[in-house]
>>> print(open('query-v2.txt').read())   # compact mmCIF, C-alpha atoms
# COMPACT_ATOMS: atom_id res chain seq x y z
CA MET L 1492 30.06 16.08 11.48
CA ILE L 1493 26.83 14.24 10.69
CA HIS L 1494 27.18 10.69 9.36
CA THR L 1495 25.91 10.22 5.78
CA GLY L 1496 23.41 7.60 6.96
CA THR L 1497 22.03 10.03 9.53
CA LYS L 1498 21.70 12.77 6.91
CA ASP L 1499 19.77 10.34 4.68
CA ILE L 1500 17.42 9.57 7.57
CA ILE L 1501 16.76 13.26 8.27
CA ASP L 1502 16.32 14.10 4.58
CA GLY L 1503 14.05 11.06 4.24
CA ILE L 1504 11.83 12.19 7.12
CA ARG L 1505 11.43 15.61 5.53
CA GLY L 1506 10.91 14.15 2.03
CA ASP L 1507 7.98 12.36 0.45
CA SER L 1508 6.12 9.43 2.01
CA THR L 1509 8.35 6.78 0.35
CA ALA L 1510 11.56 8.37 1.65
CA ARG L 1511 10.01 8.82 5.09
CA ARG L 1512 8.89 5.21 5.18
CA ARG L 1513 12.43 4.11 4.36
CA ALA L 1514 13.81 6.29 7.17
CA ILE L 1515 11.28 4.88 9.66
CA LEU L 1516 12.20 1.32 8.70
CA ILE L 1517 15.91 2.06 9.18
CA LEU L 1518 15.15 3.26 12.72
CA THR L 1519 12.80 0.35 13.44
CA ASN L 1520 15.35 -2.22 12.29
CA ASP L 1521 18.26 -0.67 14.21
CA SER L 1522 18.94 -3.57 16.59
CA ASP L 1523 21.71 -1.71 18.44
CA LEU L 1524 19.39 1.20 19.19
CA ARG L 1525 16.62 -1.19 20.17
CA THR L 1526 18.90 -3.02 22.59
CA LYS L 1527 20.05 0.26 24.17
CA THR L 1528 16.48 1.53 24.56
CA TYR L 1529 15.11 -1.72 25.96
CA SER L 1530 18.02 -1.99 28.41
CA TYR L 1531 17.49 1.55 29.62
CA VAL L 1532 13.76 1.06 30.26
CA LYS L 1533 14.16 -2.38 31.79
CA ASN L 1534 17.04 -1.20 34.01
CA HIS L 1535 14.76 1.55 35.31
CA SER L 1536 11.86 -0.65 36.46
CA GLY L 1537 10.16 -0.95 33.07
CA SER L 1538 8.75 -4.11 31.50
CA GLN L 1539 9.39 -5.56 28.03
CA THR L 1540 6.04 -4.20 26.78
CA GLU L 1541 6.80 -0.75 28.19
CA ALA L 1542 10.21 -0.83 26.52
CA GLU L 1543 8.54 -1.61 23.21
CA THR L 1544 6.09 1.27 23.67
CA VAL L 1545 8.91 3.67 24.53
CA TYR L 1546 10.89 2.53 21.47
CA ASN L 1547 7.95 3.25 19.18
CA ASP L 1548 7.18 6.56 20.91
CA MET L 1549 10.82 7.55 20.58
CA ILE L 1550 10.67 6.99 16.81
CA VAL L 1551 7.36 8.90 16.55
CA THR L 1552 8.78 11.79 18.61
CA PHE L 1553 11.94 11.99 16.53
CA ILE L 1554 10.00 11.96 13.25
CA LYS L 1555 7.69 14.70 14.58
CA ILE L 1556 10.61 16.85 15.70
CA VAL L 1557 12.39 16.56 12.34
CA HIS L 1558 9.17 16.95 10.34
CA THR L 1559 7.98 20.05 12.13
CA LYS L 1560 11.34 21.84 12.31
CA PRO L 1561 12.74 22.82 8.91
CA SER L 1562 15.97 24.00 10.50
CA PHE L 1563 16.50 20.80 12.49
CA SER L 1564 20.08 19.63 12.74
CA LEU L 1565 21.69 17.13 15.06
CA ASP L 1566 24.05 18.48 17.70
CA ARG L 1567 25.40 15.00 18.52
CA PRO L 1568 25.42 11.43 17.12
CA LEU L 1569 21.99 10.10 16.18
CA HIS L 1570 21.90 7.33 18.80
CA ALA L 1571 22.82 9.77 21.57
CA TYR L 1572 20.00 12.09 20.47
CA LEU L 1573 17.49 9.24 20.27
CA MET L 1574 18.53 7.96 23.68
CA GLY L 1575 17.92 11.50 24.98
CA ILE L 1576 14.34 11.23 23.69
CA THR L 1577 14.05 7.79 25.33
CA LYS L 1578 15.16 9.17 28.71
CA ASN L 1579 12.69 12.05 28.50
CA LEU L 1580 9.84 9.75 27.53
CA TRP L 1581 10.60 7.32 30.34
CA TYR L 1582 10.95 10.13 32.87
CA ASN L 1583 7.48 11.41 31.88
CA GLU L 1584 6.06 7.91 32.13
CA ILE L 1585 7.54 7.27 35.59
CA ARG L 1586 6.38 10.68 36.83
CA LYS L 1587 2.79 9.79 35.89
CA ARG L 1588 2.88 6.71 38.09
CA SER L 1589 1.72 7.33 41.59
CA ARG L 1590 3.49 4.20 42.83
CA SER L 1591 6.93 5.40 41.76
CA LYS L 1592 9.39 6.34 44.48
CA THR L 1593 10.51 9.97 44.66
CA SER L 1594 14.15 8.82 44.58
CA ASP L 1595 13.52 6.98 41.29
CA ILE L 1596 11.90 10.06 39.76
CA GLU L 1597 14.76 12.27 40.91
CA LYS L 1598 17.31 9.87 39.43
CA LEU L 1599 15.51 9.86 36.08
CA ALA L 1600 15.07 13.64 36.21
CA GLU L 1601 18.87 13.99 36.33
CA GLN L 1602 19.17 11.87 33.19
CA ARG L 1603 16.63 13.96 31.27
CA ASP L 1604 17.79 15.81 28.18
CA GLU L 1605 16.38 19.32 28.32
CA ASN L 1606 17.96 20.31 25.02
CA ILE L 1607 15.52 18.12 23.16
CA THR L 1608 12.26 19.82 22.17
CA ALA L 1609 9.28 18.46 24.05
CA ILE L 1610 6.74 17.04 21.63
CA GLU L 1611 3.24 16.04 22.59
CA LEU L 1612 2.23 12.64 21.33
CA LEU L 1613 -1.40 12.86 20.30
CA ILE L 1614 -2.31 9.32 19.35
CA LYS L 1615 -2.02 7.85 22.83
CA GLY L 1616 -4.30 6.53 25.50
CA ASP L 1617 -8.09 6.66 25.32
CA ARG L 1618 -8.44 8.89 22.30
CA ALA L 1619 -6.02 6.89 20.10
CA SER L 1620 -8.70 4.68 18.58
CA ILE L 1621 -11.12 7.52 17.75
CA LEU L 1622 -8.28 9.61 16.30
CA ASN L 1623 -7.15 6.69 14.17
CA LYS L 1624 -10.74 6.16 13.03
CA VAL L 1625 -11.18 9.78 11.94
CA LEU L 1626 -7.78 10.05 10.26
CA SER L 1627 -8.20 6.73 8.43
CA GLN L 1628 -11.36 8.06 6.79
CA MET L 1629 -9.60 11.05 5.22
CA LYS L 1630 -8.64 10.97 1.54
CA ILE L 1631 -4.94 10.22 0.94
CA LYS L 1632 -4.30 13.49 -0.92
CA CYS L 1633 -5.98 15.47 1.86
CA LYS L 1634 -4.01 13.63 4.52
CA GLU L 1635 -0.77 14.47 2.73
CA VAL L 1636 -1.48 18.14 2.13
CA LEU L 1637 -2.81 18.76 5.64
CA MET L 1638 0.06 16.84 7.19
CA TYR L 1639 2.73 18.94 5.48
CA TRP L 1640 0.78 22.15 6.08
CA SER L 1641 0.34 21.43 9.80
CA SER L 1642 4.05 20.61 10.08
CA GLY L 1643 4.83 24.11 8.84
CA TYR L 1644 5.89 23.39 5.26
CA LYS L 1645 5.60 26.31 2.85
CA MET L 1646 3.02 25.97 0.09
CA GLN L 1647 5.79 25.90 -2.53
CA GLU L 1648 7.48 22.99 -0.68
CA ILE L 1649 4.17 21.13 -0.47
CA ALA L 1650 3.62 21.67 -4.20
CA ASN L 1651 7.12 20.33 -4.95
CA ILE L 1652 6.75 17.23 -2.75
CA LEU L 1653 3.20 16.36 -3.79
CA GLY L 1654 3.62 17.31 -7.43
CA TYR L 1655 1.20 20.25 -7.66
CA LYS L 1656 1.94 22.71 -10.45
CA THR L 1657 2.06 25.83 -8.27
CA ASP L 1658 1.89 26.86 -4.64
CA GLY L 1659 -1.56 28.29 -5.46
CA VAL L 1660 -2.83 24.81 -6.40
CA ALA L 1661 -1.42 23.42 -3.16
CA ARG L 1662 -3.08 26.21 -1.17
CA LYS L 1663 -6.43 25.56 -2.86
CA LYS L 1664 -6.13 21.83 -2.16
CA LYS L 1665 -5.33 22.52 1.50
CA SER L 1666 -8.35 24.82 1.75
CA GLU L 1667 -10.69 22.22 0.20
CA CYS L 1668 -9.39 19.50 2.47
CA MET L 1669 -9.74 21.67 5.57
CA LYS L 1670 -13.31 22.50 4.59
CA GLU L 1671 -14.05 18.77 4.17
CA LEU L 1672 -12.62 18.05 7.59
CA LEU L 1673 -14.62 20.87 9.19
CA THR L 1674 -17.81 19.63 7.51
CA TYR L 1675 -17.10 16.13 8.80
CA LEU L 1676 -16.65 17.44 12.33
CA ALA L 1677 -19.80 19.59 12.09
CA ASP L 1678 -21.81 16.50 11.11
CA LYS L 1679 -20.41 14.40 13.95
CA PRO L 1680 -20.57 16.27 17.26
CA HIS L 1681 -20.09 13.00 19.20
CA ILE L 1682 -16.66 12.58 17.61
CA LYS L 1683 -15.61 16.02 18.83
CA GLN L 1684 -16.79 15.05 22.28
CA GLN L 1685 -14.86 11.78 22.19
CA LEU L 1686 -11.71 13.49 21.03
CA SER L 1687 -12.09 16.09 23.80
CA ILE L 1688 -9.31 18.15 22.32
CA LYS L 1689 -8.84 21.28 24.31
CA MET M 269 -16.43 36.68 -3.86
CA ILE M 270 -14.45 35.95 -0.70
CA ASP M 271 -14.05 32.36 0.46
CA PHE M 272 -14.21 32.98 4.21
CA TYR M 273 -13.11 29.42 4.95
CA GLU M 274 -9.66 30.29 3.61
CA HIS M 275 -9.35 33.05 6.18
CA ILE M 276 -10.44 31.21 9.32
CA GLU M 277 -6.90 30.58 10.53
CA ALA M 278 -5.82 34.20 10.07
CA TYR M 279 -9.05 35.31 11.73
CA ILE M 280 -8.38 33.11 14.77
CA GLU M 281 -4.72 34.10 14.94
CA GLY M 282 -5.64 37.79 14.63
CA THR M 283 -3.52 38.36 11.53
CA LEU M 284 -6.42 39.34 9.27
CA SER M 285 -6.70 42.96 8.04
CA PRO M 286 -9.27 45.04 9.95
CA ASP M 287 -11.43 45.30 6.85
CA LEU M 288 -11.52 41.51 6.40
CA VAL M 289 -12.20 41.01 10.10
CA THR M 290 -15.37 43.13 9.79
CA GLN M 291 -16.46 41.17 6.73
CA MET M 292 -15.66 37.89 8.47
CA LYS M 293 -17.74 38.83 11.53
CA THR M 294 -20.70 39.73 9.31
CA ALA M 295 -20.38 36.45 7.41
CA ILE M 296 -20.16 34.44 10.66
CA SER M 297 -23.31 36.09 12.00
CA LYS M 298 -25.20 35.11 8.84
CA ASP M 299 -23.69 31.71 8.10
CA LYS M 300 -24.20 29.01 10.74
CA SER M 301 -21.85 26.58 8.99
CA LEU M 302 -19.06 29.16 8.91
CA LYS M 303 -19.64 29.89 12.59
CA GLN M 304 -19.37 26.17 13.35
CA ALA M 305 -16.26 25.89 11.20
CA VAL M 306 -14.56 28.70 13.14
CA ALA M 307 -15.45 26.94 16.40
CA ASP M 308 -14.18 23.58 15.16
CA TYR M 309 -11.03 24.92 13.52
CA PRO M 310 -8.70 24.22 16.48
CA ILE M 311 -9.91 20.61 16.55
CA ALA M 312 -9.37 20.25 12.81
CA LYS M 313 -5.89 21.71 13.18
CA THR M 314 -5.00 19.29 15.98
CA LEU M 315 -6.29 16.45 13.82
CA SER M 316 -4.06 17.64 10.99
CA GLU M 317 -1.12 17.79 13.38
CA SER M 318 -1.81 14.16 14.31
CA LEU M 319 -1.44 13.05 10.69
CA ILE M 320 2.34 12.66 10.76
CA GLU M 321 2.06 10.63 13.95
CA HIS M 322 -0.75 8.57 12.40
CA GLU M 323 1.44 7.80 9.37
CA VAL M 324 4.44 6.76 11.52
CA ARG M 325 2.33 4.61 13.84
CA GLU M 326 0.73 2.86 10.86
CA ILE M 327 4.18 1.96 9.50
CA LEU M 328 5.32 0.78 12.95
CA SER M 329 2.20 -1.30 13.32
CA GLU M 330 2.70 -2.84 9.84
CA THR M 331 6.25 -3.76 10.82
CA LYS M 332 5.00 -5.34 14.03
CA THR M 333 2.35 -7.29 12.08
CA THR M 334 5.01 -8.58 9.69
CA ASP M 335 7.16 -9.64 12.66
CA ASN M 336 4.16 -11.36 14.21
CA GLU M 337 3.40 -13.11 10.94
CA LYS M 338 7.01 -14.29 10.81
CA GLY M 339 6.61 -15.48 14.38
CA ARG M 340 3.35 -17.19 13.51
CA SER M 341 4.84 -19.03 10.52
CA GLY M 342 7.73 -20.07 12.78
CA ALA M 343 5.21 -21.37 15.30
CA TRP M 344 3.45 -23.28 12.53
CA ILE M 345 6.69 -24.95 11.47
CA ILE M 346 7.37 -25.95 15.08
CA ALA M 347 3.79 -27.24 15.47
CA ILE M 348 4.00 -29.30 12.25
CA THR M 349 7.39 -30.72 13.27
CA LEU M 350 6.01 -31.65 16.68
CA LEU M 351 2.95 -33.29 15.11
CA ALA M 352 5.15 -35.24 12.70
CA ALA M 353 7.38 -36.38 15.57
CA LEU M 354 4.27 -37.34 17.53
CA ALA M 355 2.88 -39.30 14.57
CA VAL M 356 6.20 -41.17 14.13
CA SER M 357 6.34 -41.92 17.86
CA TYR M 358 2.74 -43.13 17.81
CA TYR M 359 3.45 -45.32 14.78
CA GLN M 360 6.52 -46.82 16.46
CA TRP M 361 4.70 -47.27 19.75
CA ASN M 362 1.77 -48.91 17.96
CA ARG M 363 4.07 -51.17 15.97
CA HIS M 364 5.95 -52.12 19.10
CA ASN M 365 2.68 -52.79 20.90
CA ARG M 366 1.38 -54.93 18.09
CA GLN M 367 4.68 -56.85 17.98
CA GLU M 368 4.46 -57.32 21.74
CA ILE M 369 0.92 -58.77 21.46
CA ILE M 370 1.91 -61.18 18.67
CA HIS M 371 5.08 -62.14 20.53
CA ASN M 372 3.13 -62.90 23.70
CA ARG M 373 0.67 -65.01 21.72
CA ILE M 374 3.47 -66.96 20.01
CA MET M 375 5.42 -67.39 23.22
CA ALA M 376 2.32 -68.84 24.90
CA SER M 377 2.55 -71.93 22.71
CA TYR M 378 6.23 -71.76 21.78
CA THR M 379 8.44 -74.73 22.41
CA PRO M 380 12.15 -74.22 21.89
CA PRO M 381 13.73 -76.79 19.56
CA VAL M 382 15.68 -79.56 21.19
CA SER M 383 18.99 -80.40 19.50
CA GLU M 384 17.60 -79.64 16.06
CA GLY M 385 20.73 -78.17 14.51
CA THR M 386 23.35 -80.17 12.68
CA ARG M 387 26.39 -80.17 14.80
CA SER M 388 28.88 -80.52 12.02
CA SER M 389 31.50 -77.84 12.02
CA THR M 390 34.80 -76.97 10.37
CA SER M 391 37.05 -77.67 13.32
CA VAL M 392 37.10 -79.79 16.42
CA ALA M 393 37.21 -76.69 18.60
CA SER M 394 34.19 -75.18 16.82
CA GLU M 395 32.34 -78.47 16.98
CA SER M 396 32.87 -78.53 20.72
CA ASN M 397 31.77 -74.91 21.12
CA LEU M 398 28.65 -75.44 19.03
CA LYS M 399 27.81 -78.44 21.18
CA SER M 400 28.19 -76.33 24.31
CA ALA M 401 25.98 -73.61 22.80
CA ILE M 402 23.23 -76.08 21.93
CA GLN M 403 23.45 -77.65 25.36
CA ALA M 404 23.10 -74.21 26.95
CA PHE M 405 20.12 -73.54 24.67
CA ASP M 406 18.51 -76.86 25.65
CA LEU M 407 18.96 -75.86 29.28
CA ARG M 408 17.24 -72.50 28.51
CA GLN M 409 20.48 -70.64 29.18
CA PHE M 410 19.88 -68.43 26.16
CA ASP M 411 22.35 -65.65 27.04
CA GLN M 412 25.19 -68.08 27.44
CA SER M 413 24.22 -69.92 24.28
CA LYS M 414 24.05 -66.67 22.31
CA GLU M 415 27.43 -65.54 23.56
CA ILE M 416 29.08 -68.74 22.30
CA LEU M 417 27.15 -68.76 19.01
CA GLU M 418 28.02 -65.16 18.19
CA LYS M 419 31.72 -65.89 18.64
CA LEU M 420 31.69 -68.92 16.36
CA SER M 421 33.16 -68.43 12.94
CA PRO M 422 32.53 -69.28 10.20
CA LYS M 423 28.78 -69.47 10.73
CA ASN M 424 26.60 -72.28 9.44
CA ASP M 425 22.87 -73.03 9.29
CA SER M 426 22.82 -74.47 12.82
CA ILE M 427 24.37 -71.38 14.29
CA TYR M 428 21.96 -69.10 12.43
CA TYR M 429 19.05 -71.35 13.40
CA TYR M 430 19.77 -71.12 17.12
CA LEU M 431 20.61 -67.43 16.96
CA ALA M 432 17.27 -66.83 15.20
CA HIS M 433 15.42 -68.72 17.92
CA ILE M 434 17.16 -66.75 20.65
CA ALA M 435 16.31 -63.47 18.88
CA LEU M 436 12.69 -64.65 18.60
CA ILE M 437 12.59 -65.44 22.31
CA GLU M 438 14.06 -62.02 23.06
CA ASN M 439 11.41 -60.41 20.83
CA LYS M 440 14.08 -59.05 18.49
CA ILE M 441 12.07 -59.89 15.41
CA GLY M 442 14.16 -57.92 12.91
CA LYS M 443 17.27 -59.76 14.02
CA ALA M 444 15.47 -63.13 14.01
CA LYS M 445 14.29 -62.57 10.44
CA SER M 446 17.79 -61.58 9.34
CA TYR M 447 19.22 -64.87 10.73
CA GLU M 448 16.35 -66.80 9.18
CA ARG M 449 17.18 -65.38 5.73
CA LYS M 450 20.74 -66.75 6.02
CA ILE M 451 19.59 -70.33 6.58
CA SER M 452 19.67 -72.51 3.48
CA THR M 453 18.37 -75.76 4.98
CA LEU M 454 14.68 -75.74 4.14
CA GLU M 455 13.52 -77.68 7.17
CA LEU M 456 15.27 -75.41 9.66
CA LYS M 457 14.04 -72.33 7.79
CA LYS M 458 10.45 -73.65 7.79
CA ASP M 459 10.51 -74.17 11.55
CA LEU M 460 11.31 -70.48 12.05
CA THR M 461 9.05 -69.12 9.30
CA LYS M 462 5.94 -70.52 11.00
CA TYR M 463 6.60 -68.10 13.87
CA LEU M 464 8.19 -65.15 12.09
CA SER M 465 5.60 -64.92 9.31
CA GLU M 466 3.08 -63.73 11.89
CA PHE M 467 4.95 -60.46 12.43
>>> encode(input="query-v2.txt", output="structure tokens")
Amino acid sequence: MIHTGTKDIIDGIRGDSTARRRAILILTNDSDLRTKTYSYVKNHSGSQTEAETVYNDMIVTFIKIVHTKPSFSLDRPLHAYLMGITKNLWYNEIRKRSRSKTSDIEKLAEQRDENITAIELLIKGDRASILNKVLSQMKIKCKEVLMYWSSGYKMQEIANILGYKTDGVARKKKSECMKELLTYLADKPHIKQQLSIK
Amino acid sequence: MIDFYEHIEAYIEGTLSPDLVTQMKTAISKDKSLKQAVADYPIAKTLSESLIEHEVREILSETKTTDNEKGRSGAWIIAITLLAALAVSYYQWNRHNRQEIIHNRIMASYTPPVSEGTRSSTSVASESNLKSAIQAFDLRQFDQSKEILEKLSPKNDSIYYYLAHIALIENKIGKAKSYERKISTLELKKDLTKYLSEF
């Protein structure tokens, strides 16, 4: 059985921006979860800063999973699921490090949770600042419609959440916004190069 | 008229009807912007997919900023408290220093009184003790004199007068002034005031 609070968080993530914001803040302010995550990272050769990064990435990953999967449902308590994400994220991080010992990697590999969908975090590393720059310049309405569309929401759902009269209006808005984004990219070849999205 | 931009995704994914594919290809060959849009579509889609992440990271960053601001205001309170404590310490140190300078100057020319106090007392025993205290004072045995004077009760002008002098010698100006205030004999009071008024 899923706890009512957990259901509110999942519904909030899949709802409008206000409900999602509320859900994110609940996760951010969960001191018990934060302690568990920080302890895990620090007990596996991570620093305080790395623990903080993993905590934020865990929240981002969870939101992305729930947002992009309409049929998402928890198969275990929320904290256990989120700790599964944490373990996967930290395993990936340790694997990237050339200085890590094979025994450490093997130990973390055993703790990985393969039942959790792997999600690529896009706003990371070198391209984070350029991505943030491009996305910040988009109009709010366009950001919203393209965000829901790219997460796989149906046009009728987008219309309901964003208050468009019909799914046709939502589709038209999405098309206009996509055209604007494509025009922006066409005018700025250096940005495409910097993003180096394959 | 067909808006080919609306069909780019289906064209890329291969879900467009054969008839539309032919029309799309013709349009792409004639329209440079459309050709570019088809080429850039995967990038635009990835950008769109980053939007949810962008939104979450912005909220997380706002939360962090708020925490930092809280931390900063906490740091300000600590800094102000430290400055206030420092200012109080400086004031006290400065006051003490100033008192020390004045005291040294006074002590340079100070001559302790010799048997100035009236030795009258309420009892024979007290009279004898007061005499011993004044004798100790005359012999510059101030600690001994003070010990006897403090025990004497009830107090009179002589006792207060000698206690005030001892406090002055010990640079306990607050105490000296408090004894001075209790003296009613004008002459004795005047003798102390000439020193204590400098502080």
>>> interface_residues(input="query-v2.txt", of="chain L", to="chain M", cutoff="9 Å", atoms="all atoms listed in the file", output="PyMOL selection string")
chain L and resi 1508+1511-1512+1515-1516+1519+1547-1548+1550-1552+1554-1555+1558+1612-1614+1622-1623+1625-1627+1634-1635+1637-1642+1663+1666-1667+1669-1670+1672-1674+1676-1677+1683+1686-1689
>>> residues_around(input="query-v2.txt", residues="Asp1658 of chain L", least_positions_apart="5", cutoff="9 Å", atoms="all atoms listed in the file", output="count of residues only")
8
>>> residues_around(input="query-v2.txt", residues="segment 424-441 of chain M", least_positions_apart="6", cutoff="10 Å", atoms="all atoms listed in the file", output="PyMOL selection string")
chain M and resi 367-368+370-372+374-375+378+380-381+383-390+398+401-402+405+408-411+413-418+447-453+456-457+459-460+463-464+467
>>> residues_around(input="query-v2.txt", residues="Trp1581 of chain L", least_positions_apart="3", cutoff="12 Å", atoms="only C-alpha atoms", output="PyMOL selection string")
chain L and resi 1528-1529+1531-1538+1541-1546+1548-1549+1574-1578+1584-1588+1595-1596+1598-1600+1602-1604
